[in-house]
$ cat final-v2.txt   # compact mmCIF, C-alpha atoms
# COMPACT_ATOMS: atom_id res chain seq x y z
CA LYS A 12 85.69 10.45 -82.45
CA ILE A 13 84.68 13.73 -80.84
CA VAL A 14 88.31 14.68 -80.31
CA GLY A 15 89.10 13.80 -83.93
CA MET A 16 86.17 15.90 -85.18
CA GLU A 17 87.27 18.93 -83.18
CA ARG A 18 90.82 18.52 -84.39
CA GLU A 19 89.64 18.28 -88.00
CA SER A 20 87.53 21.44 -87.70
CA LEU A 21 90.35 23.42 -86.12
CA ASP A 22 92.72 22.41 -88.89
CA LYS A 23 90.41 24.04 -91.44
CA LYS A 24 91.01 27.63 -92.37
CA LEU A 25 88.52 29.81 -90.54
CA PRO A 26 86.62 32.16 -92.92
CA TRP A 27 87.51 35.22 -90.81
CA GLU A 28 91.16 34.35 -90.25
CA ASN A 29 93.99 36.76 -91.19
CA ARG A 30 91.60 39.31 -92.70
CA LEU A 31 91.09 42.95 -91.80
CA SER A 32 87.95 43.42 -89.67
CA ILE A 33 85.34 45.83 -91.00
CA PHE A 34 85.19 47.56 -87.61
CA ARG A 35 88.93 48.29 -87.63
CA PHE A 36 88.65 49.63 -91.16
CA VAL A 37 85.72 51.91 -90.30
CA GLN A 38 87.59 53.32 -87.28
CA ASN A 39 90.57 54.31 -89.41
CA PRO A 40 89.80 54.21 -93.15
CA LEU A 41 92.74 56.45 -94.05
CA LYS A 42 95.14 53.81 -92.75
CA TYR A 43 93.64 51.27 -95.15
CA VAL A 44 93.15 53.37 -98.27
CA THR A 45 91.54 51.48 -101.14
CA ASP A 46 91.39 52.44 -104.80
CA GLU A 47 87.60 52.79 -104.65
CA PHE A 48 85.57 55.53 -103.02
CA ASP A 49 84.56 54.52 -99.49
CA CYS A 50 84.91 50.82 -100.35
CA LEU A 51 84.78 48.21 -97.56
CA PRO A 52 87.65 45.71 -97.37
CA ASP A 53 85.51 42.61 -98.11
CA ARG A 54 85.06 44.04 -101.65
CA ILE A 55 81.94 42.02 -102.47
CA PRO A 56 80.38 42.49 -105.93
CA LEU A 57 77.58 45.06 -105.94
CA ARG A 58 74.05 43.68 -106.32
CA HIS A 59 72.80 46.87 -107.99
CA ASP A 60 75.91 48.05 -109.77
CA ILE A 61 75.93 51.74 -110.65
CA GLY A 62 79.64 51.76 -111.34
CA ILE A 63 80.76 52.84 -107.89
CA TYR A 64 80.20 51.71 -104.30
CA PHE A 65 77.85 53.82 -102.19
CA PRO A 66 77.26 52.69 -98.60
CA ALA A 67 73.80 51.10 -98.14
CA TYR A 68 72.72 51.59 -101.79
CA ASP A 69 72.31 47.83 -102.34
CA ASP A 70 70.26 47.50 -99.15
CA TYR A 71 68.14 50.51 -100.09
CA MET A 72 67.31 48.95 -103.48
CA ASP A 73 66.59 45.54 -101.92
CA TYR A 74 64.41 47.12 -99.21
CA TYR A 75 61.91 48.28 -101.84
CA GLN A 76 61.70 44.93 -103.66
CA PHE A 77 58.40 43.41 -102.58
CA ASP A 78 58.75 39.99 -104.19
CA LYS A 79 61.33 38.58 -101.78
CA GLU A 80 61.02 34.84 -101.34
CA ILE A 81 62.78 33.58 -98.24
CA ASN A 82 63.31 29.85 -97.91
CA PRO A 83 62.04 28.81 -94.44
CA GLU A 84 64.56 25.94 -94.43
CA PHE A 85 67.39 28.48 -94.74
CA ILE A 86 66.06 30.42 -91.73
CA LYS A 87 65.72 27.21 -89.67
CA ARG A 88 69.24 26.09 -90.57
CA LEU A 89 70.61 29.53 -89.62
CA ALA A 90 68.80 29.40 -86.27
CA ASP A 91 70.06 25.83 -85.65
CA MET A 92 73.65 26.90 -86.23
CA PHE A 93 73.15 29.99 -84.05
CA GLU A 94 71.85 27.82 -81.17
CA ALA A 95 74.64 25.25 -81.51
CA CYS A 96 77.20 28.03 -81.63
CA VAL A 97 76.03 29.90 -78.50
CA ASN A 98 74.82 26.95 -76.41
CA GLN A 99 77.53 24.38 -77.15
CA GLY A 100 80.36 26.59 -78.40
CA ASN A 101 80.50 24.37 -81.50
CA ILE A 102 83.20 25.69 -83.87
CA ASN A 103 81.70 23.90 -86.91
CA ALA A 104 78.36 25.54 -86.20
CA LYS A 105 80.07 28.92 -85.90
CA ILE A 106 81.81 28.43 -89.26
CA GLU A 107 78.57 27.42 -90.99
CA PHE A 108 76.60 30.24 -89.33
CA TYR A 109 79.29 32.68 -90.49
CA ASN A 110 79.38 31.35 -94.06
CA LEU A 111 75.58 31.39 -94.41
CA LEU A 112 75.45 35.01 -93.25
CA LYS A 113 78.31 36.05 -95.49
CA LYS A 114 76.63 34.78 -98.67
CA PHE A 115 73.17 36.38 -98.42
CA PRO A 116 72.16 40.02 -97.82
CA ILE A 117 70.48 40.12 -94.41
CA ILE A 118 68.27 43.10 -95.39
CA ASN A 119 66.04 40.46 -97.04
CA TYR A 120 65.62 38.11 -94.09
CA HIS A 121 66.80 39.55 -90.74
CA ARG A 122 63.22 39.89 -89.46
CA ASN A 123 62.46 36.25 -90.37
CA PHE A 124 65.56 35.20 -88.41
CA ILE A 125 64.53 37.24 -85.34
CA ASP A 126 61.00 35.74 -85.52
CA GLU A 127 62.48 32.23 -85.60
CA ILE A 128 64.74 33.00 -82.60
CA SER A 129 61.73 34.42 -80.71
CA LYS A 130 59.63 31.32 -81.49
CA ARG A 131 62.33 29.11 -80.05
CA ARG A 132 62.38 31.23 -76.87
CA ILE A 133 66.16 31.29 -76.83
CA VAL A 134 67.27 32.83 -73.54
CA VAL A 135 69.74 35.70 -73.82
CA THR A 136 73.04 34.55 -72.31
CA PRO A 137 76.46 36.21 -71.97
CA GLN A 138 77.55 33.89 -74.83
CA ILE A 139 74.98 35.49 -77.20
CA LYS A 140 76.16 39.00 -76.33
CA GLU A 141 79.77 37.88 -76.70
CA LEU A 142 79.04 36.42 -80.16
CA GLY A 143 77.28 39.67 -81.21
CA ARG A 144 80.22 41.80 -80.09
CA TRP A 145 82.71 39.49 -81.78
CA MET A 146 80.73 39.68 -85.05
CA VAL A 147 80.65 43.49 -84.94
CA MET A 148 84.27 44.01 -83.89
CA GLU A 149 86.14 41.16 -85.57
CA ALA A 150 84.20 40.01 -88.65
CA PRO A 151 85.77 40.96 -92.01
CA ASP A 152 82.47 40.50 -93.91
CA ARG A 153 79.76 43.19 -93.93
CA GLU A 154 76.68 40.93 -93.72
CA VAL A 155 78.11 39.20 -90.63
CA VAL A 156 78.72 42.60 -89.00
CA LYS A 157 75.12 43.61 -89.74
CA MET A 158 73.73 40.46 -88.09
CA GLY A 159 76.06 41.02 -85.13
CA ILE A 160 74.46 44.46 -84.69
CA ILE A 161 70.97 42.89 -84.83
CA ILE A 162 71.99 40.24 -82.24
CA LEU A 163 73.25 42.94 -79.85
CA GLY A 164 69.88 44.67 -80.28
CA ILE A 165 67.74 41.62 -79.46
CA SER A 166 70.12 40.86 -76.54
CA HIS A 167 69.39 44.35 -75.12
CA ASP A 168 73.15 44.71 -74.60
CA VAL A 169 73.10 48.40 -73.59
CA ASP A 170 76.82 48.29 -72.76
CA SER A 171 77.48 47.93 -76.49
CA ILE A 172 75.78 51.23 -77.42
CA PRO A 173 79.13 53.13 -77.76
CA LEU A 174 80.37 50.32 -80.03
CA LEU A 175 77.22 50.55 -82.16
CA LYS A 176 77.43 54.34 -82.43
CA SER A 177 80.98 53.91 -83.65
CA ILE A 178 80.18 51.44 -86.47
CA ALA A 179 77.07 53.49 -87.42
CA LYS A 180 79.29 56.30 -88.71
CA HIS A 181 79.65 54.21 -91.86
CA GLY A 182 76.39 54.39 -93.82
CA GLU A 183 76.43 50.67 -94.65
CA PHE A 184 75.56 49.88 -91.02
CA THR A 185 73.49 52.86 -89.82
CA TYR A 186 70.08 51.27 -90.48
CA TYR A 187 70.96 48.15 -88.48
CA VAL A 188 72.25 50.21 -85.58
CA GLY A 189 68.90 52.07 -85.64
CA LEU A 190 67.08 48.72 -85.38
CA ALA A 191 69.33 47.64 -82.50
CA LEU A 192 68.95 50.92 -80.58
CA TYR A 193 65.16 50.64 -80.99
CA GLU A 194 65.32 47.36 -79.03
CA MET A 195 67.62 48.79 -76.35
CA THR A 196 66.50 52.26 -75.30
CA PRO A 197 63.49 54.62 -75.47
CA GLN A 198 65.97 57.32 -76.57
CA TRP A 199 66.83 55.34 -79.72
CA ASP A 200 65.36 57.92 -82.13
CA LEU A 201 67.21 60.91 -80.63
CA MET A 202 70.45 58.91 -80.65
CA LEU A 203 69.86 57.97 -84.29
CA ILE A 204 69.36 61.62 -85.30
CA ASP A 205 72.71 62.49 -83.64
CA ILE A 206 74.36 59.67 -85.61
CA ILE A 207 72.88 60.57 -89.01
CA GLU A 208 73.10 64.37 -88.95
CA PRO A 209 76.59 64.41 -90.52
CA LEU A 210 75.88 61.43 -92.84
CA TYR A 211 75.14 61.54 -96.57
CA TYR A 212 73.18 59.46 -99.06
CA TRP A 213 71.57 56.04 -98.64
CA GLY A 214 72.70 55.13 -95.13
CA ARG A 215 70.98 58.31 -93.99
CA ILE A 216 67.85 57.62 -96.07
CA MET A 217 67.53 54.12 -94.58
CA ALA A 218 67.79 55.54 -91.04
CA VAL A 219 65.14 58.19 -91.80
CA ILE A 220 62.77 55.35 -92.84
CA LEU A 221 63.06 53.98 -89.27
CA LEU A 222 62.42 57.38 -87.72
CA LEU A 223 59.31 57.97 -89.85
CA ASP A 224 57.94 54.47 -89.27
CA TYR A 225 58.57 54.02 -85.56
CA SER A 226 59.27 57.24 -83.67
CA PRO A 227 56.25 58.69 -81.81
CA ARG A 228 58.17 61.83 -80.83
CA GLU A 229 56.99 65.26 -82.06
CA LYS A 230 60.57 66.52 -82.05
CA VAL A 231 61.58 63.71 -84.42
CA ARG A 232 58.61 64.35 -86.73
CA LYS A 233 59.66 68.00 -87.02
CA TRP A 234 63.27 67.00 -87.68
CA CYS A 235 62.24 64.60 -90.48
CA VAL A 236 60.16 67.30 -92.19
CA ARG A 237 62.98 69.85 -92.04
CA TYR A 238 66.11 67.73 -92.47
CA GLY A 239 65.20 64.12 -93.31
CA PHE A 240 65.50 64.62 -97.10
CA ARG A 241 68.79 66.53 -97.01
CA HIS A 242 72.34 65.31 -97.74
CA ASN A 243 71.15 63.14 -100.64
CA TYR A 244 72.04 63.26 -104.33
CA SER A 245 68.53 64.50 -104.83
CA PRO A 246 65.73 65.17 -102.33
CA ASP A 247 63.50 63.10 -104.66
CA TYR A 248 64.62 59.84 -103.01
CA ASN A 249 62.64 60.42 -99.82
CA ILE A 250 61.14 63.92 -99.68
CA GLU A 251 57.62 62.61 -100.35
CA ASP A 252 57.94 60.18 -97.39
CA CYS A 253 59.28 62.90 -95.09
CA MET A 254 56.50 65.35 -95.99
CA LYS A 255 53.58 62.91 -95.99
CA GLN A 256 54.53 60.72 -93.03
CA GLY A 257 55.94 63.73 -91.21
CA ASP A 258 52.71 65.66 -91.91
CA ILE A 259 54.21 68.91 -93.18
CA LEU A 260 50.76 70.50 -93.35
CA LYS A 261 50.58 70.42 -89.54
CA ASP A 262 53.51 72.86 -89.46
CA MET A 263 52.44 74.86 -92.51
CA ARG A 264 49.03 75.66 -91.02
CA LYS A 265 50.71 77.55 -88.17
CA GLU A 266 51.05 81.31 -88.37
CA LYS A 267 54.83 81.44 -87.87
CA TRP A 268 57.34 79.32 -89.78
CA ASP A 269 60.97 78.79 -88.78
CA GLU A 270 63.62 79.15 -91.48
CA PRO A 271 64.38 75.37 -91.83
CA LEU A 272 60.65 74.73 -92.34
CA LEU A 273 60.45 77.44 -95.02
CA ARG A 274 63.43 75.95 -96.84
CA ALA A 275 61.91 72.45 -96.59
CA VAL A 276 58.61 73.71 -98.03
CA GLN A 277 60.48 75.40 -100.89
CA VAL A 278 62.28 72.14 -101.72
CA TYR A 279 58.95 70.28 -101.60
CA VAL A 280 57.14 72.81 -103.83
CA VAL A 281 59.99 72.59 -106.39
CA PHE A 282 59.70 68.77 -106.21
CA LEU A 283 55.91 68.84 -106.69
CA LEU A 284 56.16 71.12 -109.73
CA GLU A 285 58.83 68.91 -111.30
CA ASN A 286 56.69 65.79 -110.77
CA THR A 287 53.18 66.79 -111.85
CA ARG A 288 52.73 63.55 -113.81
CA TYR A 289 52.43 61.68 -110.49
CA THR A 290 49.74 62.01 -107.81
CA HIS A 291 50.45 63.98 -104.62
CA GLU A 292 47.49 64.10 -102.24
CA ASN A 293 48.66 67.20 -100.35
CA GLY A 294 50.05 69.16 -103.35
CA GLY A 295 47.30 71.75 -103.69
CA GLU A 296 47.22 72.77 -100.04
CA VAL A 297 51.03 72.87 -99.79
CA ILE A 298 51.28 75.26 -102.77
CA ARG A 299 48.40 77.47 -101.57
CA LEU A 300 49.81 77.78 -98.02
CA TYR A 301 53.30 78.45 -99.38
CA LEU A 302 52.06 81.35 -101.51
CA LYS A 303 49.95 82.71 -98.65
CA TYR A 304 53.00 82.74 -96.37
CA THR A 305 55.63 84.05 -98.80
CA LEU A 306 53.93 86.51 -101.17
CA GLY A 307 55.08 90.03 -100.36
CA LYS A 308 57.88 88.71 -98.10
CA ARG A 309 60.22 86.67 -100.37
CA ARG A 310 61.83 88.09 -103.49
CA GLY A 311 64.97 86.05 -104.07
CA TYR A 312 66.09 83.54 -106.70
CA VAL A 313 64.20 80.63 -105.11
CA GLN A 314 60.93 82.56 -105.00
CA PHE A 315 61.51 83.64 -108.60
CA HIS A 316 62.06 80.02 -109.66
CA ILE A 317 58.91 78.81 -107.85
CA ILE A 318 56.67 81.59 -109.24
CA GLN A 319 58.05 81.02 -112.75
CA SER A 320 57.51 77.22 -112.43
CA LEU A 321 53.96 77.81 -111.20
CA TYR A 322 53.28 80.16 -114.11
CA ASN A 323 54.53 77.51 -116.57
CA PHE A 324 52.50 74.82 -114.79
CA LEU A 325 49.29 76.88 -114.96
CA ASN A 326 49.77 77.48 -118.68
CA VAL A 327 50.18 73.77 -119.39
CA ALA A 328 47.35 72.82 -116.97
CA LYS A 329 44.91 75.00 -118.92
CA ASN A 330 44.84 72.25 -121.53
CA ASP A 331 45.57 69.27 -119.28
CA LYS A 332 43.41 69.13 -116.17
CA THR A 333 44.92 65.78 -115.08
CA LEU A 334 47.95 67.76 -113.83
CA VAL A 335 45.66 69.74 -111.52
CA GLU A 336 44.05 66.50 -110.35
CA ASN A 337 47.47 64.91 -109.76
CA LEU A 338 48.40 67.71 -107.36
CA ASN A 339 44.93 67.44 -105.79
CA ILE A 340 44.25 71.17 -106.25
CA SER A 341 40.66 72.13 -105.48
CA GLU A 342 38.83 74.57 -107.80
CA GLU A 343 38.95 77.27 -105.16
CA ASP A 344 42.70 76.78 -104.56
CA TYR A 345 43.32 76.67 -108.31
CA SER A 346 41.74 80.06 -108.90
CA ASP A 347 43.52 81.55 -105.83
CA ILE A 348 46.88 80.25 -107.06
CA TRP A 349 46.17 81.52 -110.58
CA ILE A 350 45.34 85.06 -109.32
CA ASP A 351 48.34 85.16 -106.94
CA VAL A 352 50.84 84.02 -109.57
CA TYR A 353 49.59 86.37 -112.29
CA LYS A 354 49.77 89.31 -109.88
CA GLU A 355 53.27 88.36 -108.74
CA ILE A 356 54.83 88.02 -112.22
CA LYS A 357 53.87 91.63 -112.98
CA LYS A 358 55.66 93.00 -109.91
CA PRO A 359 58.91 94.97 -110.40
CA TRP A 360 61.11 92.51 -108.42
CA PHE A 361 60.02 89.59 -110.66
CA GLN A 362 60.38 91.57 -113.89
CA LYS A 363 63.83 92.78 -112.80
CA LEU A 364 65.07 89.18 -112.28
CA LEU A 365 63.35 88.04 -115.47
CA GLY A 366 65.28 90.59 -117.50
CA GLU A 367 68.54 90.27 -115.58
CA ASN A 368 71.33 88.74 -117.58
CA ARG A 369 74.45 89.77 -115.73
CA THR A 370 77.85 88.16 -116.10
CA TYR A 371 80.03 87.71 -113.00
CA ARG A 372 83.80 87.30 -112.70
CA THR A 373 83.57 84.14 -110.60
CA TYR A 374 81.49 80.97 -110.95
CA PRO A 375 78.48 80.86 -111.29
CA TYR A 376 79.14 83.27 -114.17
CA THR A 377 75.61 84.20 -115.25
CA THR A 378 72.34 85.01 -113.53
CA GLN A 379 70.78 81.81 -114.87
CA GLU A 380 73.68 79.72 -113.53
CA ARG A 381 73.29 81.39 -110.12
CA LEU A 382 69.59 80.61 -110.12
CA ASP A 383 70.17 76.96 -111.14
CA ASN A 384 72.87 76.57 -108.51
CA ILE A 385 70.73 77.93 -105.68
CA VAL A 386 67.75 75.76 -106.59
CA ARG A 387 69.94 72.66 -107.03
CA ASN A 388 71.57 73.12 -103.62
CA LEU A 389 68.34 74.01 -101.83
CA GLY A 390 67.76 70.45 -100.64
CA PHE A 391 71.37 69.63 -99.79
$ encode --input "final-v2.txt" --output "structure tokens"
Amino acid sequence: KIVGMERESLDKKLPWENRLSIFRFVQNPLKYVTDEFDCLPDRIPLRHDIGIYFPAYDDYMDYYQFDKEINPEFIKRLADMFEACVNQGNINAKIEFYNLLKKFPIINYHRNFIDEISKRRIVVTPQIKELGRWMVMEAPDREVVKMGIIILGISHDVDSIPLLKSIAKHGEFTYYVGLALYEMTPQWDLMLIDIIEPLYYWGRIMAVILLLDYSPREKVRKWCVRYGFRHNYSPDYNIEDCMKQGDILKDMRKEKWDEPLLRAVQVYVVFLLENTRYTHENGGEVIRLYLKYTLGKRRGYVQFHIIQSLYNFLNVAKNDKTLVENLNISEEDYSDIWIDVYKEIKKPWFQKLLGENRTYRTYPYTTQERLDNIVRNLGF
């Protein structure tokens, strides 16, 4: 009977058979060009369809959904199949484990699965590491690859770090590699920064969440404040997290600012003034310290834009004090900001830019377009 059962299972088509592995695709995407931007070869339907595939966007959206209901029976079944697969080498268990992973986004339940594995006190064996590596290198389905990365992390398989760094170059997997590195090495956060520096969009944002939540390192805090919000479609996606969790005021209260900090503060001030309908507990102090540091020193397009935005804000806030409360501006700060801004708008440099309406031969063609362009690219 046992022989017959094995024979029957091997006659079935394996779900990973004769399909291009994600890992191979990520190593050489140009060889496997698809008709969609940066699309992975498993081509699964998008859960949050915005008309185009962006690595990690679905996971980012799911991450912030707080009403996730995970069926404990599903987690138990997954853990059963995992045990049978690694302890007995059962091919049926491997197929079911694979198919269960493939169907459901692991962003919603990977921690539940790890908790279940921990409860069962499953000993890490070479077979577990081997399964993790196989899932990362050979699986043609993204959710299976992600769980393979997690398994390598909980196995503390430090020999697989180069493999993980390699798959992390694709934003769909960067967050999971961050989780795995966290389990493997105290240098995980510095390694993760190296991985994400050239990355764009949601894979990068997801990795920055890990850095802000778990890294105790001062160097990492400073990096998140200065660079964590960059390379996104808009800094709005995570600039508030970077500045609050990264404690930007700690750096702003110092006498000397480095250039990346100044640029980060400018992006944040622009963000605050564009979002005065929402509450920002550090808004007032950020604006006051920015003016204190820059007045008399900065006279470019960005400074012009910020002073003009502040002037407009103050005029509206005269009749709507909730805006002042939203930015948590104290009475003393409010009057200081008011005086500073009204003095600055009368200065020759500001008046010159206000009246400038030049046309250029190359794009951006007008002064206003140049100003818009500089402000738009400030956080990129």
$ atom_distance --input "final-v2.txt" --atom1 "CA of Glu80 (chain A)" --atom2 "CA of Ala104 (chain A)"
24.8 Å
$ closest_residue --input "final-v2.txt" --among "A:Tyr211, A:Tyr71, A:Phe85, A:Tyr64" --to "Glu127 (chain A)" --atoms "only C-alpha atoms"
A:Phe85
$ atom_distance --input "final-v2.txt" --atom1 "CA of Thr136 (chain A)" --atom2 "CA of Val97 (chain A)"
8.3 Å
$ closest_residue --input "final-v2.txt" --among "A:Trp234, A:Tyr304, A:Tyr248, A:Trp349" --to "Leu321 (chain A)" --atoms "all atoms listed in the file"
A:Trp349
$ residues_around --input "final-v2.txt" --residues "Phe391 (chain A)" --least-positions-apart "2" --cutoff "9 Å" --atoms "all atoms listed in the file" --output "PyMOL selection string"
chain A and resi 240-246+387-389
$ atom_distance --input "final-v2.txt" --atom1 "CA of Ile128 (chain A)" --atom2 "CA of Ile161 (chain A)"
11.9 Å
$ closest_residue --input "final-v2.txt" --among "A:Arg372, A:Lys255, A:Arg131, A:Arg153" --to "Arg54 (chain A)" --atoms "only C-alpha atoms"
A:Arg153
$ closest_residue --input "final-v2.txt" --among "A:Thr370, A:Asn39, A:Gln198, A:Asn249" --to "Ile216 (chain A)" --atoms "all atoms listed in the file"
A:Asn249
$ closest_residue --input "final-v2.txt" --among "A:Tyr289, A:Tyr74, A:Tyr322, A:Trp360" --to "Glu336 (chain A)" --atoms "all atoms listed in the file"
A:Tyr289
$ closest_residue --input "final-v2.txt" --among "A:Pro271, A:Gly257, A:Gly164, A:Pro151" --to "Trp27 (chain A)" --atoms "only C-alpha atoms"
A:Pro151
$ residues_around --input "final-v2.txt" --residues "Leu201 (chain A)" --least-positions-apart "6" --cutoff "10 Å" --atoms "only C-alpha atoms" --output "CSV table (one decimal) with C-alpha atoms, in the frame of the given file"
chain,number,residue,atom,x,y,z
A,222,LEU,CA,62.4,57.4,-87.7
A,226,SER,CA,59.3,57.2,-83.7
A,228,ARG,CA,58.2,61.8,-80.8
A,230,LYS,CA,60.6,66.5,-82.0
A,231,VAL,CA,61.6,63.7,-84.4
$ axis_aligned_box --input "final-v2.txt" --around "region 82-99 of chain A" --padding-each-side "6 Å" --output "lines of an AutoDock Vina configuration file"
center_x = 69.8
center_y = 27.4
center_z = -87.2
size_x = 27.5
size_y = 18.0
size_z = 33.5
$ residues_near_point --input "final-v2.txt" --point "(73.0, 43.4, -72.0)" --cutoff "9 Å" --atoms "all atoms listed in the file" --output "PyMOL selection string"
chain A and resi 135-137+140+163-164+166-171+195
$ build_atoms --input "final-v2.txt" --residues "region 250-258 of chain A" --atoms "all heavy atoms" --output "PDB file, keeping the file's coordinate frame"
ATOM      1  N   ILE A 250      61.839  62.717-100.153  1.00  0.00           N
ATOM      2  CA  ILE A 250      61.140  63.920 -99.680  1.00  0.00           C
ATOM      3  C   ILE A 250      59.635  63.677 -99.537  1.00  0.00           C
ATOM      4  O   ILE A 250      59.009  64.160 -98.588  1.00  0.00           O
ATOM      5  CB  ILE A 250      61.427  65.155-100.577  1.00  0.00           C
ATOM      6  CG1 ILE A 250      60.928  66.424 -99.864  1.00  0.00           C
ATOM      7  CG2 ILE A 250      60.827  65.020-101.974  1.00  0.00           C
ATOM      8  CD1 ILE A 250      61.470  67.715-100.407  1.00  0.00           C
ATOM      9  N   GLU A 251      59.059  62.891-100.436  1.00  0.00           N
ATOM     10  CA  GLU A 251      57.620  62.610-100.350  1.00  0.00           C
ATOM     11  C   GLU A 251      57.300  61.878 -99.034  1.00  0.00           C
ATOM     12  O   GLU A 251      56.329  62.196 -98.350  1.00  0.00           O
ATOM     13  CB  GLU A 251      57.185  61.758-101.541  1.00  0.00           C
ATOM     14  CG  GLU A 251      55.687  61.604-101.683  1.00  0.00           C
ATOM     15  CD  GLU A 251      55.039  62.657-102.565  1.00  0.00           C
ATOM     16  OE1 GLU A 251      54.751  63.756-102.047  1.00  0.00           O
ATOM     17  OE2 GLU A 251      54.804  62.373-103.750  1.00  0.00           O
ATOM     18  N   ASP A 252      58.143  60.905 -98.664  1.00  0.00           N
ATOM     19  CA  ASP A 252      57.940  60.180 -97.390  1.00  0.00           C
ATOM     20  C   ASP A 252      58.046  61.127 -96.205  1.00  0.00           C
ATOM     21  O   ASP A 252      57.217  61.086 -95.290  1.00  0.00           O
ATOM     22  CB  ASP A 252      58.994  59.071 -97.231  1.00  0.00           C
ATOM     23  CG  ASP A 252      58.842  57.965 -98.264  1.00  0.00           C
ATOM     24  OD1 ASP A 252      57.734  57.812 -98.806  1.00  0.00           O
ATOM     25  OD2 ASP A 252      59.828  57.261 -98.528  1.00  0.00           O
ATOM     26  N   CYS A 253      59.077  61.970 -96.216  1.00  0.00           N
ATOM     27  CA  CYS A 253      59.280  62.900 -95.090  1.00  0.00           C
ATOM     28  C   CYS A 253      58.085  63.839 -94.938  1.00  0.00           C
ATOM     29  O   CYS A 253      57.639  64.112 -93.822  1.00  0.00           O
ATOM     30  CB  CYS A 253      60.550  63.730 -95.306  1.00  0.00           C
ATOM     31  SG  CYS A 253      62.066  62.772 -95.148  1.00  0.00           S
ATOM     32  N   MET A 254      57.570  64.349 -96.054  1.00  0.00           N
ATOM     33  CA  MET A 254      56.500  65.350 -95.990  1.00  0.00           C
ATOM     34  C   MET A 254      55.127  64.733 -95.702  1.00  0.00           C
ATOM     35  O   MET A 254      54.326  65.328 -94.989  1.00  0.00           O
ATOM     36  CB  MET A 254      56.441  66.142 -97.307  1.00  0.00           C
ATOM     37  CG  MET A 254      57.728  66.897 -97.609  1.00  0.00           C
ATOM     38  SD  MET A 254      58.331  67.837 -96.186  1.00  0.00           S
ATOM     39  CE  MET A 254      59.885  68.431 -96.784  1.00  0.00           C
ATOM     40  N   LYS A 255      54.887  63.534 -96.234  1.00  0.00           N
ATOM     41  CA  LYS A 255      53.580  62.910 -95.990  1.00  0.00           C
ATOM     42  C   LYS A 255      53.537  62.258 -94.607  1.00  0.00           C
ATOM     43  O   LYS A 255      52.659  62.540 -93.804  1.00  0.00           O
ATOM     44  CB  LYS A 255      53.278  61.881 -97.079  1.00  0.00           C
ATOM     45  CG  LYS A 255      52.691  62.530 -98.331  1.00  0.00           C
ATOM     46  CD  LYS A 255      52.624  61.584 -99.494  1.00  0.00           C
ATOM     47  CE  LYS A 255      51.550  60.544 -99.330  1.00  0.00           C
ATOM     48  NZ  LYS A 255      51.456  59.664-100.523  1.00  0.00           N
ATOM     49  N   GLN A 256      54.521  61.384 -94.330  1.00  0.00           N
ATOM     50  CA  GLN A 256      54.530  60.720 -93.030  1.00  0.00           C
ATOM     51  C   GLN A 256      54.819  61.712 -91.898  1.00  0.00           C
ATOM     52  O   GLN A 256      54.333  61.553 -90.787  1.00  0.00           O
ATOM     53  CB  GLN A 256      55.564  59.589 -93.000  1.00  0.00           C
ATOM     54  CG  GLN A 256      55.084  58.325 -93.703  1.00  0.00           C
ATOM     55  CD  GLN A 256      56.126  57.218 -93.613  1.00  0.00           C
ATOM     56  OE1 GLN A 256      56.848  56.961 -94.568  1.00  0.00           O
ATOM     57  NE2 GLN A 256      56.208  56.573 -92.472  1.00  0.00           N
ATOM     58  N   GLY A 257      55.625  62.717 -92.216  1.00  0.00           N
ATOM     59  CA  GLY A 257      55.940  63.730 -91.210  1.00  0.00           C
ATOM     60  C   GLY A 257      54.859  64.798 -91.081  1.00  0.00           C
ATOM     61  O   GLY A 257      54.942  65.662 -90.215  1.00  0.00           O
ATOM     62  N   ASP A 258      53.857  64.748 -91.941  1.00  0.00           N
ATOM     63  CA  ASP A 258      52.710  65.660 -91.910  1.00  0.00           C
ATOM     64  C   ASP A 258      53.142  67.134 -91.931  1.00  0.00           C
ATOM     65  O   ASP A 258      52.940  67.889 -90.976  1.00  0.00           O
ATOM     66  CB  ASP A 258      51.845  65.378 -90.662  1.00  0.00           C
ATOM     67  CG  ASP A 258      50.502  66.112 -90.721  1.00  0.00           C
ATOM     68  OD1 ASP A 258      50.184  66.680 -91.792  1.00  0.00           O
ATOM     69  OD2 ASP A 258      49.786  66.134 -89.707  1.00  0.00           O
TER      70      ASP A 258
END
